[in-house]
>>> print(open('my_file_0.json').read())   # JSON, C-alpha atoms and all ligand atoms
[["chain", "number", "residue", "atom", "x", "y", "z"],
["A", 1, "MET", "CA", 78.30, 118.80, 139.09],
["A", 2, "ALA", "CA", 79.48, 115.96, 136.88],
["A", 3, "ASP", "CA", 79.71, 113.57, 139.83],
["A", 4, "ILE", "CA", 76.23, 114.37, 141.13],
["A", 5, "ARG", "CA", 73.55, 111.78, 140.67],
["A", 6, "ASN", "CA", 71.37, 111.76, 143.78],
["A", 7, "ILE", "CA", 69.88, 114.97, 145.12],
["A", 8, "VAL", "CA", 67.95, 115.68, 148.31],
["A", 9, "ILE", "CA", 66.13, 119.00, 148.51],
["A", 10, "LEU", "CA", 64.66, 120.48, 151.69],
["A", 11, "THR", "CA", 62.06, 123.20, 151.25],
["A", 12, "GLY", "CA", 60.52, 125.56, 153.79],
["A", 13, "ALA", "CA", 58.00, 128.35, 153.96],
["A", 14, "GLY", "CA", 60.22, 130.71, 151.93],
["A", 15, "ILE", "CA", 59.51, 128.77, 148.71],
["A", 16, "SER", "CA", 55.78, 129.46, 149.09],
["A", 17, "ALA", "CA", 56.16, 133.09, 150.23],
["A", 18, "GLU", "CA", 55.88, 134.48, 146.71],
["A", 19, "SER", "CA", 52.66, 132.50, 146.26],
["A", 20, "GLY", "CA", 51.21, 134.65, 149.05],
["A", 21, "ILE", "CA", 51.45, 132.16, 151.92],
["A", 22, "ASP", "CA", 52.83, 133.68, 155.13],
["A", 23, "THR", "CA", 56.12, 132.32, 156.43],
["A", 24, "PHE", "CA", 56.47, 131.63, 160.15],
["A", 25, "ARG", "CA", 59.38, 133.74, 161.33],
["A", 26, "ASP", "CA", 59.73, 136.68, 158.92],
["A", 27, "ALA", "CA", 58.40, 140.07, 160.06],
["A", 28, "GLY", "CA", 54.62, 139.74, 160.24],
["A", 29, "GLY", "CA", 54.92, 135.93, 159.93],
["A", 30, "LEU", "CA", 52.46, 133.46, 161.41],
["A", 31, "TRP", "CA", 54.26, 133.10, 164.73],
["A", 32, "GLU", "CA", 54.05, 136.86, 165.23],
["A", 33, "GLN", "CA", 50.31, 136.69, 164.67],
["A", 34, "HIS", "CA", 49.66, 133.61, 166.85],
["A", 35, "ARG", "CA", 51.43, 131.96, 169.76],
["A", 36, "VAL", "CA", 52.80, 128.51, 168.93],
["A", 37, "GLU", "CA", 51.62, 127.33, 172.37],
["A", 38, "ASP", "CA", 48.04, 128.34, 171.52],
["A", 39, "VAL", "CA", 47.65, 126.66, 168.14],
["A", 40, "ALA", "CA", 50.46, 124.27, 167.30],
["A", 41, "THR", "CA", 50.90, 121.80, 170.13],
["A", 42, "PRO", "CA", 48.95, 118.70, 171.22],
["A", 43, "GLU", "CA", 48.38, 120.45, 174.57],
["A", 44, "ALA", "CA", 46.75, 123.42, 172.82],
["A", 45, "PHE", "CA", 44.42, 121.04, 170.97],
["A", 46, "ALA", "CA", 43.46, 119.29, 174.21],
["A", 47, "ARG", "CA", 42.89, 122.62, 175.97],
["A", 48, "ASP", "CA", 41.00, 124.54, 173.29],
["A", 49, "PRO", "CA", 40.20, 122.37, 170.25],
["A", 50, "ASP", "CA", 37.88, 124.99, 168.72],
["A", 51, "LEU", "CA", 40.65, 127.59, 168.58],
["A", 52, "VAL", "CA", 43.07, 125.12, 166.98],
["A", 53, "LEU", "CA", 40.53, 123.74, 164.49],
["A", 54, "ARG", "CA", 39.47, 127.25, 163.48],
["A", 55, "PHE", "CA", 43.11, 128.28, 162.94],
["A", 56, "TYR", "CA", 43.77, 125.29, 160.65],
["A", 57, "ASP", "CA", 40.40, 125.63, 158.90],
["A", 58, "MET", "CA", 41.39, 129.16, 157.90],
["A", 59, "ARG", "CA", 44.82, 128.07, 156.73],
["A", 60, "ARG", "CA", 43.37, 125.10, 154.81],
["A", 61, "GLU", "CA", 40.90, 127.39, 153.06],
["A", 62, "ALA", "CA", 43.56, 130.00, 152.30],
["A", 63, "ILE", "CA", 46.10, 127.69, 150.66],
["A", 64, "GLN", "CA", 43.47, 126.50, 148.21],
["A", 65, "THR", "CA", 43.28, 130.03, 146.80],
["A", 66, "LYS", "CA", 47.06, 130.18, 146.17],
["A", 67, "ALA", "CA", 49.00, 128.97, 143.16],
["A", 68, "PRO", "CA", 52.50, 127.54, 142.64],
["A", 69, "ASN", "CA", 55.20, 130.07, 141.72],
["A", 70, "PRO", "CA", 58.22, 129.71, 139.41],
["A", 71, "ALA", "CA", 60.26, 128.04, 142.18],
["A", 72, "HIS", "CA", 57.72, 125.23, 142.61],
["A", 73, "ARG", "CA", 57.47, 124.87, 138.85],
["A", 74, "ALA", "CA", 61.25, 124.68, 138.46],
["A", 75, "LEU", "CA", 61.47, 121.86, 141.04],
["A", 76, "ALA", "CA", 58.65, 120.04, 139.25],
["A", 77, "ARG", "CA", 60.64, 120.33, 136.03],
["A", 78, "LEU", "CA", 63.72, 118.96, 137.81],
["A", 79, "ASP", "CA", 61.60, 116.06, 139.08],
["A", 80, "ARG", "CA", 60.43, 115.29, 135.54],
["A", 81, "GLU", "CA", 63.79, 115.64, 133.83],
["A", 82, "TRP", "CA", 66.39, 114.56, 136.40],
["A", 83, "GLU", "CA", 67.41, 110.99, 135.66],
["A", 84, "GLY", "CA", 69.17, 110.40, 138.97],
["A", 85, "GLY", "CA", 67.73, 110.05, 142.44],
["A", 86, "LEU", "CA", 65.71, 112.94, 143.78],
["A", 87, "LEU", "CA", 63.69, 113.54, 146.93],
["A", 88, "ILE", "CA", 61.98, 116.83, 147.73],
["A", 89, "VAL", "CA", 61.52, 116.84, 151.50],
["A", 90, "THR", "CA", 59.19, 119.66, 152.39],
["A", 91, "GLN", "CA", 58.41, 121.16, 155.77],
["A", 92, "ASN", "CA", 55.50, 122.89, 154.08],
["A", 93, "VAL", "CA", 51.96, 121.71, 154.65],
["A", 94, "ASP", "CA", 50.61, 123.31, 151.47],
["A", 95, "ASP", "CA", 50.27, 121.30, 148.26],
["A", 96, "LEU", "CA", 52.04, 123.69, 145.91],
["A", 97, "HIS", "CA", 54.85, 121.27, 144.99],
["A", 98, "GLU", "CA", 52.26, 118.72, 143.88],
["A", 99, "ARG", "CA", 50.09, 121.28, 142.10],
["A", 100, "ALA", "CA", 53.17, 122.37, 140.14],
["A", 101, "GLY", "CA", 53.55, 118.72, 139.07],
["A", 102, "ALA", "CA", 56.28, 117.37, 141.36],
["A", 103, "GLU", "CA", 55.86, 113.74, 142.41],
["A", 104, "ARG", "CA", 58.94, 112.82, 144.43],
["A", 105, "VAL", "CA", 57.73, 114.87, 147.43],
["A", 106, "LEU", "CA", 57.69, 113.91, 151.11],
["A", 107, "HIS", "CA", 55.75, 116.07, 153.62],
["A", 108, "MET", "CA", 57.66, 115.69, 156.88],
["A", 109, "HIS", "CA", 55.35, 118.07, 158.79],
["A", 110, "GLY", "CA", 52.04, 116.74, 157.42],
["A", 111, "GLU", "CA", 49.53, 118.26, 154.99],
["A", 112, "HIS", "CA", 46.73, 120.78, 155.31],
["A", 113, "LEU", "CA", 44.63, 118.82, 152.84],
["A", 114, "ASN", "CA", 44.58, 115.68, 154.97],
["A", 115, "ALA", "CA", 42.56, 114.93, 158.09],
["A", 116, "TRP", "CA", 43.82, 112.35, 160.56],
["A", 117, "CYS", "CA", 41.35, 110.23, 162.49],
["A", 118, "THR", "CA", 42.58, 109.66, 166.03],
["A", 119, "ALA", "CA", 40.03, 106.84, 166.46],
["A", 120, "CYS", "CA", 41.05, 104.59, 163.54],
["A", 121, "ASP", "CA", 44.42, 106.18, 162.62],
["A", 122, "THR", "CA", 43.57, 106.70, 158.94],
["A", 123, "ARG", "CA", 44.25, 109.80, 156.90],
["A", 124, "SER", "CA", 41.67, 111.10, 154.45],
["A", 125, "ARG", "CA", 41.94, 113.84, 151.88],
["A", 126, "TRP", "CA", 40.11, 116.81, 153.40],
["A", 127, "THR", "CA", 39.47, 120.20, 151.81],
["A", 128, "GLY", "CA", 36.65, 121.55, 154.00],
["A", 129, "PRO", "CA", 36.43, 122.66, 157.64],
["A", 130, "LEU", "CA", 36.86, 120.43, 160.70],
["A", 131, "ILE", "CA", 35.31, 122.79, 163.27],
["A", 132, "ASP", "CA", 31.91, 121.03, 163.20],
["A", 133, "ARG", "CA", 33.53, 117.67, 164.06],
["A", 134, "PRO", "CA", 32.60, 115.80, 160.88],
["A", 135, "ASP", "CA", 32.61, 112.01, 160.94],
["A", 136, "CYS", "CA", 35.67, 110.13, 159.73],
["A", 137, "PRO", "CA", 34.87, 108.72, 156.26],
["A", 138, "THR", "CA", 36.50, 105.42, 157.27],
["A", 139, "CYS", "CA", 35.20, 104.59, 160.77],
["A", 140, "GLY", "CA", 32.38, 107.11, 161.26],
["A", 141, "GLU", "CA", 33.74, 108.54, 164.53],
["A", 142, "PRO", "CA", 33.88, 112.36, 164.89],
["A", 143, "CYS", "CA", 37.58, 112.24, 165.73],
["A", 144, "LEU", "CA", 39.32, 114.07, 162.90],
["A", 145, "ARG", "CA", 42.22, 116.44, 163.56],
["A", 146, "PRO", "CA", 44.48, 118.35, 161.18],
["A", 147, "ASP", "CA", 47.21, 116.07, 159.80],
["A", 148, "ILE", "CA", 49.88, 118.51, 160.92],
["A", 149, "VAL", "CA", 52.97, 117.63, 162.95],
["A", 150, "TRP", "CA", 52.74, 119.92, 165.96],
["A", 151, "PHE", "CA", 55.60, 120.99, 168.21],
["A", 152, "GLY", "CA", 56.43, 118.04, 170.44],
["A", 153, "GLU", "CA", 55.34, 115.47, 167.82],
["A", 154, "MET", "CA", 57.59, 113.32, 165.65],
["A", 155, "PRO", "CA", 58.01, 114.39, 161.99],
["A", 156, "TYR", "CA", 56.92, 111.85, 159.41],
["A", 157, "ARG", "CA", 59.06, 109.38, 157.50],
["A", 158, "MET", "CA", 62.44, 110.13, 159.02],
["A", 159, "GLU", "CA", 63.74, 106.70, 157.94],
["A", 160, "ASP", "CA", 62.93, 107.48, 154.29],
["A", 161, "ILE", "CA", 64.58, 110.89, 154.58],
["A", 162, "TYR", "CA", 67.80, 109.46, 156.03],
["A", 163, "ALA", "CA", 67.83, 106.63, 153.48],
["A", 164, "ALA", "CA", 67.84, 109.27, 150.72],
["A", 165, "MET", "CA", 70.43, 111.38, 152.58],
["A", 166, "ARG", "CA", 72.79, 108.43, 152.83],
["A", 167, "GLY", "CA", 72.89, 108.15, 149.04],
["A", 168, "ALA", "CA", 72.87, 111.89, 148.30],
["A", 169, "HIS", "CA", 75.68, 113.64, 146.43],
["A", 170, "LEU", "CA", 74.03, 117.05, 146.79],
["A", 171, "PHE", "CA", 71.80, 118.50, 149.52],
["A", 172, "VAL", "CA", 69.96, 121.73, 148.71],
["A", 173, "SER", "CA", 67.99, 123.78, 151.23],
["A", 174, "ILE", "CA", 65.46, 126.29, 149.91],
["A", 175, "GLY", "CA", 63.57, 128.97, 151.86],
["A", 176, "THR", "CA", 63.97, 127.73, 155.40],
["A", 177, "SER", "CA", 65.28, 129.57, 158.46],
["A", 178, "GLY", "CA", 66.90, 126.50, 160.01],
["A", 179, "ALA", "CA", 65.13, 127.21, 163.28],
["A", 180, "VAL", "CA", 63.31, 123.90, 163.73],
["A", 181, "TYR", "CA", 64.87, 120.50, 164.28],
["A", 182, "PRO", "CA", 65.25, 117.87, 163.00],
["A", 183, "ALA", "CA", 65.14, 119.56, 159.56],
["A", 184, "ALA", "CA", 67.60, 122.22, 160.71],
["A", 185, "GLY", "CA", 70.21, 119.50, 161.26],
["A", 186, "PHE", "CA", 69.88, 117.87, 157.84],
["A", 187, "VAL", "CA", 72.65, 120.02, 156.35],
["A", 188, "ARG", "CA", 75.15, 118.93, 158.98],
["A", 189, "ASP", "CA", 74.16, 115.26, 158.55],
["A", 190, "ALA", "CA", 74.24, 115.50, 154.75],
["A", 191, "ARG", "CA", 77.75, 116.93, 154.93],
["A", 192, "SER", "CA", 79.01, 114.24, 157.25],
["A", 193, "LEU", "CA", 77.47, 111.65, 154.91],
["A", 194, "GLY", "CA", 79.55, 113.12, 152.09],
["A", 195, "ALA", "CA", 77.13, 115.36, 150.18],
["A", 196, "LYS", "CA", 77.89, 118.82, 148.83],
["A", 197, "THR", "CA", 75.54, 121.37, 150.38],
["A", 198, "LEU", "CA", 73.87, 124.43, 148.86],
["A", 199, "GLU", "CA", 71.51, 126.93, 150.43],
["A", 200, "LEU", "CA", 69.08, 129.10, 148.44],
["A", 201, "ASN", "CA", 67.42, 131.67, 150.68],
["A", 202, "LEU", "CA", 66.29, 135.27, 150.76],
["A", 203, "GLU", "CA", 68.77, 136.11, 153.51],
["A", 204, "ARG", "CA", 71.41, 134.31, 155.52],
["A", 205, "SER", "CA", 69.78, 131.73, 157.76],
["A", 206, "GLN", "CA", 70.78, 130.42, 161.18],
["A", 207, "ARG", "CA", 72.53, 127.54, 159.41],
["A", 208, "SER", "CA", 74.26, 129.38, 156.55],
["A", 209, "GLY", "CA", 77.67, 128.70, 158.06],
["A", 210, "TRP", "CA", 77.12, 124.97, 157.67],
["A", 211, "PHE", "CA", 76.65, 125.08, 153.88],
["A", 212, "ASP", "CA", 79.41, 124.80, 151.28],
["A", 213, "GLU", "CA", 77.65, 127.56, 149.33],
["A", 214, "THR", "CA", 74.82, 130.02, 150.00],
["A", 215, "ARG", "CA", 73.03, 132.00, 147.29],
["A", 216, "LEU", "CA", 70.82, 134.86, 148.43],
["A", 217, "GLY", "CA", 67.69, 136.10, 146.66],
["A", 218, "PRO", "CA", 64.03, 135.29, 146.08],
["A", 219, "ALA", "CA", 63.26, 131.62, 145.45],
["A", 220, "SER", "CA", 61.34, 132.50, 142.27],
["A", 221, "GLU", "CA", 64.64, 133.63, 140.73],
["A", 222, "LEU", "CA", 67.26, 131.45, 142.44],
["A", 223, "VAL", "CA", 65.52, 128.11, 142.03],
["A", 224, "PRO", "CA", 64.80, 128.26, 138.27],
["A", 225, "SER", "CA", 68.36, 129.33, 137.52],
["A", 226, "TRP", "CA", 69.83, 126.59, 139.75],
["A", 227, "VAL", "CA", 67.58, 124.00, 138.07],
["A", 228, "ASP", "CA", 68.73, 125.19, 134.63],
["A", 229, "GLU", "CA", 72.31, 124.80, 135.81],
["A", 230, "VAL", "CA", 71.79, 121.26, 137.13],
["A", 231, "LEU", "CA", 69.89, 120.05, 134.08],
["A", 232, "SER", "CA", 72.41, 121.55, 131.66],
["A", 233, "GLN", "CA", 75.16, 119.46, 133.31],
["A", 234, "GLN", "CA", 73.06, 116.31, 132.88],
["A", 235, "ASN", "CA", 72.69, 116.80, 129.14],
["A", 301, "LIG", "N1", 62.58, 133.31, 148.71],
["A", 301, "LIG", "C1", 63.48, 132.58, 149.44],
["A", 301, "LIG", "N2", 63.48, 132.56, 150.79],
["A", 301, "LIG", "C2", 62.56, 133.30, 151.42],
["A", 301, "LIG", "C3", 61.60, 134.07, 150.74],
["A", 301, "LIG", "C4", 61.65, 134.07, 149.32],
["A", 301, "LIG", "N3", 60.79, 134.77, 148.58],
["A", 301, "LIG", "N4", 60.82, 134.71, 151.66],
["A", 301, "LIG", "C5", 61.27, 134.34, 152.86],
["A", 301, "LIG", "N5", 62.33, 133.49, 152.73],
["A", 301, "LIG", "C6", 63.11, 132.83, 153.78],
["A", 301, "LIG", "C7", 63.28, 133.66, 155.04],
["A", 301, "LIG", "O1", 64.39, 134.52, 154.93],
["A", 301, "LIG", "C8", 63.45, 132.59, 156.11],
["A", 301, "LIG", "O2", 64.83, 132.25, 156.27],
["A", 301, "LIG", "O3", 62.42, 131.68, 154.18],
["A", 301, "LIG", "C9", 62.69, 131.37, 155.53],
["A", 301, "LIG", "C10", 61.39, 131.06, 156.21],
["A", 301, "LIG", "O4", 61.64, 130.66, 157.53],
["A", 301, "LIG", "P1", 60.48, 130.23, 158.52],
["A", 301, "LIG", "O5", 59.38, 131.23, 158.50],
["A", 301, "LIG", "O6", 61.11, 129.94, 159.83],
["A", 301, "LIG", "O7", 59.87, 128.89, 157.85],
["A", 301, "LIG", "P2", 60.44, 127.40, 157.92],
["A", 301, "LIG", "O8", 61.93, 127.41, 157.98],
["A", 301, "LIG", "O9", 59.79, 126.65, 156.83],
["A", 301, "LIG", "O10", 59.87, 126.91, 159.30],
["A", 301, "LIG", "C11", 60.13, 125.58, 159.72],
["A", 301, "LIG", "O11", 58.68, 125.84, 161.60],
["A", 301, "LIG", "O12", 56.75, 126.47, 162.74],
["A", 301, "LIG", "C12", 57.38, 125.49, 162.03],
["A", 301, "LIG", "O13", 56.30, 123.65, 161.20],
["A", 301, "LIG", "C13", 56.63, 124.96, 160.84],
["A", 301, "LIG", "O14", 57.52, 123.83, 158.94],
["A", 301, "LIG", "C14", 57.64, 124.98, 159.73],
["A", 301, "LIG", "C15", 58.95, 125.03, 160.48]]
>>> encode(input="my_file_0.json", output="structure tokens")
Amino acid sequence: MADIRNIVILTGAGISAESGIDTFRDAGGLWEQHRVEDVATPEAFARDPDLVLRFYDMRREAIQTKAPNPAHRALARLDREWEGGLLIVTQNVDDLHERAGAERVLHMHGEHLNAWCTACDTRSRWTGPLIDRPDCPTCGEPCLRPDIVWFGEMPYRMEDIYAAMRGAHLFVSIGTSGAVYPAAGFVRDARSLGAKTLELNLERSQRSGWFDETRLGPASELVPSWVDEVLSQQN
């Protein structure tokens, strides 16, 4: 730990599970309830925009009733107290890292609480529904879509993520199944760039074999104790 200064953290749906937000691939998860092809691709949106908008309207409404859990709060504490470099790259589209107080957060798969105007390419904070085709607050066109990276679209800010990875001494993955690229490949890239790698997950993931160390358990327990450990080495 003594030689660790820059940390990159990747979070996935598992960190928000104990806040009551469904994961995607656990039993009963979102992709058991809905077909990806029906709600999470640009083709689905072109084919049946009402279905897609209704799906995301429900999810946007639901996340606003949820609260950060001890894992989000522990990462927010790390963000406040860690004097070295830190980037929390999240695949999650909820805002629980921010509501817990974390600031060094990058949403690579977009955000539920943003709407993206396909007419003027601006993003606006959006907490209500999109199903009635509201006008874009910037250009006035009724062309808003969820600001979510769908399958087949390019995740956001990959250059910033790899810039942080190049300087990272430690890469930590929390609550993600490692099923979706490019995030699933970060551990391998972090390793080849020289970082130590740690996985915190409820169960072994598809990528567990690629990590130097895997700790199994609920994020609400594993993350606070790991953060205590890291911060105690700093002091
Ligand atoms: N604590 C820690 N880990 C947990 C917990 C918990 N309480 N509950 C579940 N997990 C773990 C599961 O064991 C699983 O490995 O979290 C992981 C969740 O995996 P997924 O549902 O596949 O979610 P994620 O990895 O974030 O999905 C990646 O897929 O559909 C897309 O865009 C979507 O960003 C998402 C991406």
>>> axis_aligned_box(input="my_file_0.json", around="range 161-164 of chain A", padding_each_side="6 Å", output="lines of an AutoDock Vina configuration file")
center_x = 66.2
center_y = 108.8
center_z = 153.4
size_x = 15.3
size_y = 16.3
size_z = 17.3
>>> closest_residue(input="my_file_0.json", among="A:Ile148, A:Leu86, A:Glu229, A:Gly101", to="Ala115 in chain A", atoms="all atoms listed in the file")
A:Ile148
>>> closest_atom_pairs(input="my_file_0.json", of="chain A", to="ligand LIG 301 (chain A)", cutoff="8 Å", atoms="all atoms listed in the file", output="JSON lines")
{"residue": "A:Thr11", "atom": "CA", "partner": "A:LIG301", "partner_atom": "O9", "distance": 6.9}
{"residue": "A:Gly12", "atom": "CA", "partner": "A:LIG301", "partner_atom": "O9", "distance": 3.3}
{"residue": "A:Ala13", "atom": "CA", "partner": "A:LIG301", "partner_atom": "O9", "distance": 3.8}
{"residue": "A:Gly14", "atom": "CA", "partner": "A:LIG301", "partner_atom": "O3", "distance": 3.3}
{"residue": "A:Ile15", "atom": "CA", "partner": "A:LIG301", "partner_atom": "N1", "distance": 5.5}
{"residue": "A:Ser16", "atom": "CA", "partner": "A:LIG301", "partner_atom": "N3", "distance": 7.3}
{"residue": "A:Ala17", "atom": "CA", "partner": "A:LIG301", "partner_atom": "N4", "distance": 5.1}
{"residue": "A:Glu18", "atom": "CA", "partner": "A:LIG301", "partner_atom": "N3", "distance": 5.3}
{"residue": "A:Asp22", "atom": "CA", "partner": "A:LIG301", "partner_atom": "O5", "distance": 7.8}
{"residue": "A:Thr23", "atom": "CA", "partner": "A:LIG301", "partner_atom": "O5", "distance": 4.0}
{"residue": "A:Phe24", "atom": "CA", "partner": "A:LIG301", "partner_atom": "O5", "distance": 3.4}
{"residue": "A:Arg25", "atom": "CA", "partner": "A:LIG301", "partner_atom": "O5", "distance": 3.8}
{"residue": "A:Asp26", "atom": "CA", "partner": "A:LIG301", "partner_atom": "O5", "distance": 5.5}
{"residue": "A:Gly29", "atom": "CA", "partner": "A:LIG301", "partner_atom": "O5", "distance": 6.6}
{"residue": "A:Leu30", "atom": "CA", "partner": "A:LIG301", "partner_atom": "O5", "distance": 7.8}
{"residue": "A:Trp31", "atom": "CA", "partner": "A:LIG301", "partner_atom": "O12", "distance": 7.4}
{"residue": "A:Val36", "atom": "CA", "partner": "A:LIG301", "partner_atom": "O12", "distance": 7.6}
{"residue": "A:Thr90", "atom": "CA", "partner": "A:LIG301", "partner_atom": "O14", "distance": 7.9}
{"residue": "A:Gln91", "atom": "CA", "partner": "A:LIG301", "partner_atom": "O14", "distance": 4.2}
{"residue": "A:Asn92", "atom": "CA", "partner": "A:LIG301", "partner_atom": "O14", "distance": 5.3}
{"residue": "A:Val93", "atom": "CA", "partner": "A:LIG301", "partner_atom": "O14", "distance": 7.3}
{"residue": "A:His109", "atom": "CA", "partner": "A:LIG301", "partner_atom": "O13", "distance": 6.2}
{"residue": "A:Val149", "atom": "CA", "partner": "A:LIG301", "partner_atom": "O13", "distance": 7.1}
{"residue": "A:Trp150", "atom": "CA", "partner": "A:LIG301", "partner_atom": "O13", "distance": 7.0}
{"residue": "A:Phe151", "atom": "CA", "partner": "A:LIG301", "partner_atom": "O13", "distance": 7.5}
{"residue": "A:Ile174", "atom": "CA", "partner": "A:LIG301", "partner_atom": "C1", "distance": 6.6}
{"residue": "A:Gly175", "atom": "CA", "partner": "A:LIG301", "partner_atom": "N2", "distance": 3.7}
{"residue": "A:Thr176", "atom": "CA", "partner": "A:LIG301", "partner_atom": "O8", "distance": 3.3}
{"residue": "A:Ser177", "atom": "CA", "partner": "A:LIG301", "partner_atom": "O2", "distance": 3.5}
{"residue": "A:Gly178", "atom": "CA", "partner": "A:LIG301", "partner_atom": "O8", "distance": 5.4}
{"residue": "A:Ala179", "atom": "CA", "partner": "A:LIG301", "partner_atom": "O6", "distance": 6.0}
{"residue": "A:Val180", "atom": "CA", "partner": "A:LIG301", "partner_atom": "C11", "distance": 5.4}
{"residue": "A:Ala183", "atom": "CA", "partner": "A:LIG301", "partner_atom": "C11", "distance": 7.8}
{"residue": "A:Leu200", "atom": "CA", "partner": "A:LIG301", "partner_atom": "C1", "distance": 6.7}
{"residue": "A:Asn201", "atom": "CA", "partner": "A:LIG301", "partner_atom": "N2", "distance": 4.0}
{"residue": "A:Leu202", "atom": "CA", "partner": "A:LIG301", "partner_atom": "N2", "distance": 3.9}
{"residue": "A:Glu203", "atom": "CA", "partner": "A:LIG301", "partner_atom": "O1", "distance": 4.9}
{"residue": "A:Arg204", "atom": "CA", "partner": "A:LIG301", "partner_atom": "O2", "distance": 6.9}
{"residue": "A:Ser205", "atom": "CA", "partner": "A:LIG301", "partner_atom": "O2", "distance": 5.2}
{"residue": "A:Gln206", "atom": "CA", "partner": "A:LIG301", "partner_atom": "O2", "distance": 7.9}
{"residue": "A:Leu216", "atom": "CA", "partner": "A:LIG301", "partner_atom": "C1", "distance": 7.8}
{"residue": "A:Gly217", "atom": "CA", "partner": "A:LIG301", "partner_atom": "C1", "distance": 6.2}
{"residue": "A:Pro218", "atom": "CA", "partner": "A:LIG301", "partner_atom": "N1", "distance": 3.6}
{"residue": "A:Ala219", "atom": "CA", "partner": "A:LIG301", "partner_atom": "N1", "distance": 3.7}
{"residue": "A:Ser220", "atom": "CA", "partner": "A:LIG301", "partner_atom": "N1", "distance": 6.6}
>>> atom_distance(input="my_file_0.json", atom1="CA of Asp94 in chain A", atom2="CA of Gly209 in chain A")
28.4 Å
>>> residues_around(input="my_file_0.json", residues="Asp3 in chain A", least_positions_apart="5", cutoff="12 Å", atoms="only C-alpha atoms", output="number ranges by chain")
A: 84, 168-170, 195-196, 230, 233-234
>>> write_last_selection(input="my_file_0.json", atoms="C-alpha atoms", output="mmCIF file, in the coordinates of the input")
data_model
loop_
_atom_site.group_PDB
_atom_site.id
_atom_site.type_symbol
_atom_site.label_atom_id
_atom_site.label_comp_id
_atom_site.auth_asym_id
_atom_site.auth_seq_id
_atom_site.Cartn_x
_atom_site.Cartn_y
_atom_site.Cartn_z
ATOM 1 C CA GLY A 84 69.170 110.400 138.970
ATOM 2 C CA ALA A 168 72.870 111.890 148.300
ATOM 3 C CA HIS A 169 75.680 113.640 146.430
ATOM 4 C CA LEU A 170 74.030 117.050 146.790
ATOM 5 C CA ALA A 195 77.130 115.360 150.180
ATOM 6 C CA LYS A 196 77.890 118.820 148.830
ATOM 7 C CA VAL A 230 71.790 121.260 137.130
ATOM 8 C CA GLN A 233 75.160 119.460 133.310
ATOM 9 C CA GLN A 234 73.060 116.310 132.880
#
>>> closest_residue(input="my_file_0.json", among="A:Pro224, A:Gly167, A:Gly128, A:Gly152", to="Ala40 in chain A", atoms="all atoms listed in the file")
A:Gly152
>>> closest_atom_pairs(input="my_file_0.json", of="range 105-161 of chain A", to="range 55-59 of chain A", cutoff="9 Å", atoms="only C-alpha atoms", output="CSV")
residue,atom,partner,partner_atom,distance
A:His112,CA,A:Tyr56,CA,7.6
A:Thr127,CA,A:Asp57,CA,9.0
A:Gly128,CA,A:Asp57,CA,7.4
A:Pro129,CA,A:Asp57,CA,5.1
A:Leu130,CA,A:Asp57,CA,6.5
A:Ile131,CA,A:Asp57,CA,7.3
A:Pro146,CA,A:Tyr56,CA,7.0
>>> atom_distance(input="my_file_0.json", atom1="CA of Ile9 in chain A", atom2="CA of Val172 in chain A")
4.7 Å
>>> atom_distance(input="my_file_0.json", atom1="CA of Glu81 in chain A", atom2="CA of Val223 in chain A")
15.0 Å
>>> closest_residue(input="my_file_0.json", among="A:Glu199, A:Pro42, A:Trp210, A:Glu98", to="Gly185 in chain A", atoms="all atoms listed in the file")
A:Trp210
>>> closest_residue(input="my_file_0.json", among="A:Asp50, A:Asp189, A:Glu111, A:Glu103", to="Asp132 in chain A", atoms="all atoms listed in the file")
A:Asp50
>>> closest_residue(input="my_file_0.json", among="A:Thr41, A:Ala190, A:Pro68, A:Asp212", to="Ala163 in chain A", atoms="all atoms listed in the file")
A:Ala190
>>> closest_residue(input="my_file_0.json", among="A:Arg166, A:Ile88, A:Leu198, A:Arg145", to="Ala46 in chain A", atoms="all atoms listed in the file")
A:Arg145
>>> residues_around(input="my_file_0.json", residues="range 140-144 of chain A", least_positions_apart="5", cutoff="8 Å", atoms="all atoms listed in the file", output="short mmCIF file (atom, residue, chain, number, x, y, z; two decimals) with C-alpha atoms, in the frame of the given file")
data_model
loop_
_atom_site.label_atom_id
_atom_site.label_comp_id
_atom_site.auth_asym_id
_atom_site.auth_seq_id
_atom_site.Cartn_x
_atom_site.Cartn_y
_atom_site.Cartn_z
CA ALA A 115 42.56 114.93 158.09
CA TRP A 116 43.82 112.35 160.56
CA CYS A 117 41.35 110.23 162.49
CA THR A 118 42.58 109.66 166.03
CA ALA A 119 40.03 106.84 166.46
CA LEU A 130 36.86 120.43 160.70
CA ARG A 133 33.53 117.67 164.06
CA PRO A 134 32.60 115.80 160.88
CA ASP A 135 32.61 112.01 160.94
#
>>> residues_around(input="my_file_0.json", residues="Arg99 in chain A", least_positions_apart="2", cutoff="9 Å", atoms="only C-alpha atoms", output="list in words")
Ala67, Pro68, His72, Arg73, Asp95, Leu96, His97, Gly101 and Ala102 of chain A
